[in-house]
Number of protein chains: 2
Amino acid sequence: MSDAPPDPAETPGDPGTPGDPGTPADRAGSGSAADRAAVEAANTAFYTALEEGDFDGLKELWLDDGATDTSCVHPGWPVLTGRAEVLRSYALIMAHTDYIQFFLTDLRISLAGDTALVTCTENILSGGPAEDGAELGPLVGQLVVATNAFRRTPEGWRIWSHHASPVLTEPDEDAPPGPPSDQP
Amino acid sequence: MSDAPPDPAETPGDPGTPGDPGTPADRAGSGSAADRAAVEAANTAFYTALEEGDFDGLKELWLDDGATDTSCVHPGWPVLTGRAEVLRSYALIMAHTDYIQFFLTDLRISLAGDTALVTCTENILSGGPAEDGAELGPLVGQLVVATNAFRRTPEGWRIWSHHASPVLTEPDEDAPPGPPSDQP
């Protein structure tokens, strides 16, 4: 990410409210502060690897215990299952992406035993390969929410599952979800 | 759901390849057959409660240990956090839904310790309240994928997180994900 290395002491609250100590949900839940900091660092490392096109770094972050199946859903995509399929999708995405930056907001960590669930809003700015000699392709903004599951391993927290999806409704819209085509 | 009760001995493989014994990923992973059957039953109960508009049944299925934060993403929605917010959203959805049916396919269970991740495709058929004296509002089909996280509790497996998102690309489309507006 473009920010400084994560500060585990800092509550990742809404950037629009500096000094906000965080809602009770930010601080609630089981898990030591050290665990939560380690999970947040792993989550940050995931997005940093994507921003830097660091495929080896990304590969190392995905769970690889030979027993537990990983899964991944990119925004608008079906489910990808298994390490090979997941990593292939990232190789493809990296090949088509010249520039991508994630501004994470609303980050929350829920810890139970050796599993952590991280939810966050990914404010994405990305650009495809340049055409006609331009320096960069057109930049596109995307509002995406993600649920990332991590497992504790002897080597640290590793990604078990990533599910990301486009936000198609207003956050405070008081209406039931409909098919995407019905949404603005 | 409209199907018969889940048969834990049956591999939930690709419905397009009958007789397929399942990929290694279907059979791999830790967790006993009894655990996997119990997780699948909890997942089925979740969708049955939604189909039947059984709010109390749904409420009972969501994790309530007083320590672990739950989260929920409905298709196209931002993240909802905490039991109260999650249950309120379901009350709202149920109030706006006269009819909903889930045909689950591609169901896979990944088990590690006291956590299970279930991924599945939700083929949804739903209808809103009737208007002008009609018996039922217009029916709408939706293709959605979900990642459901369950925690083992003394009372059985309970929903820790539900993340559902619309499928906007073809399953075998060989292209990177773009903003939803660029997709068919």
# chains A, B, ... in the order shown; residues from 1 in each chain; ligands from 1
>>> select_by_dssp(residues="region 32-147 of chain B", states="alpha helix (DSSP H)", output="PyMOL selection string")
chain B and resi 33-51+55-61+83-96
>>> residues_around(residues="Glu52 (chain A)", least_positions_apart="5", cutoff="12 Å", atoms="only C-alpha atoms", output="list in words")
Met1, Ser2, Ala45, Phe46, Tyr47, Gly57, Leu58, Met94, Thr97, Asp98, Tyr99, Ile100, Gln101 and Phe102 of chain A
>>> closest_residue(among="B:Gly53, B:Gly127, B:Pro78, B:Gly31", to="chain A", atoms="only C-alpha atoms")
B:Pro78
>>> atom_distance(atom1="CA of Ile124 (chain B)", atom2="CA of Val144 (chain B)")
7.4 Å
>>> residues_around(residues="region 83-91 of chain A", least_positions_apart="2", cutoff="7 Å", atoms="only C-alpha atoms", output="MDAnalysis selection string")
chainID A and resid 59 70:72 80:81 93:95
>>> atom_distance(atom1="CA of Ala33 (chain A)", atom2="CA of Leu117 (chain A)")
14.9 Å
>>> residues_around(residues="Glu60 (chain B)", least_positions_apart="6", cutoff="10 Å", atoms="only C-alpha atoms", output="list in words")
Phe46, Glu155, Arg158 and Ile159 of chain B
>>> closest_residue(among="B:Ala130, B:Ala42, B:Ala34, B:Leu125", to="chain A", atoms="only C-alpha atoms")
B:Leu125
>>> closest_residue(among="B:Cys120, B:Leu143, B:Ala67, B:Ala149", to="chain A", atoms="only C-alpha atoms")
B:Ala67
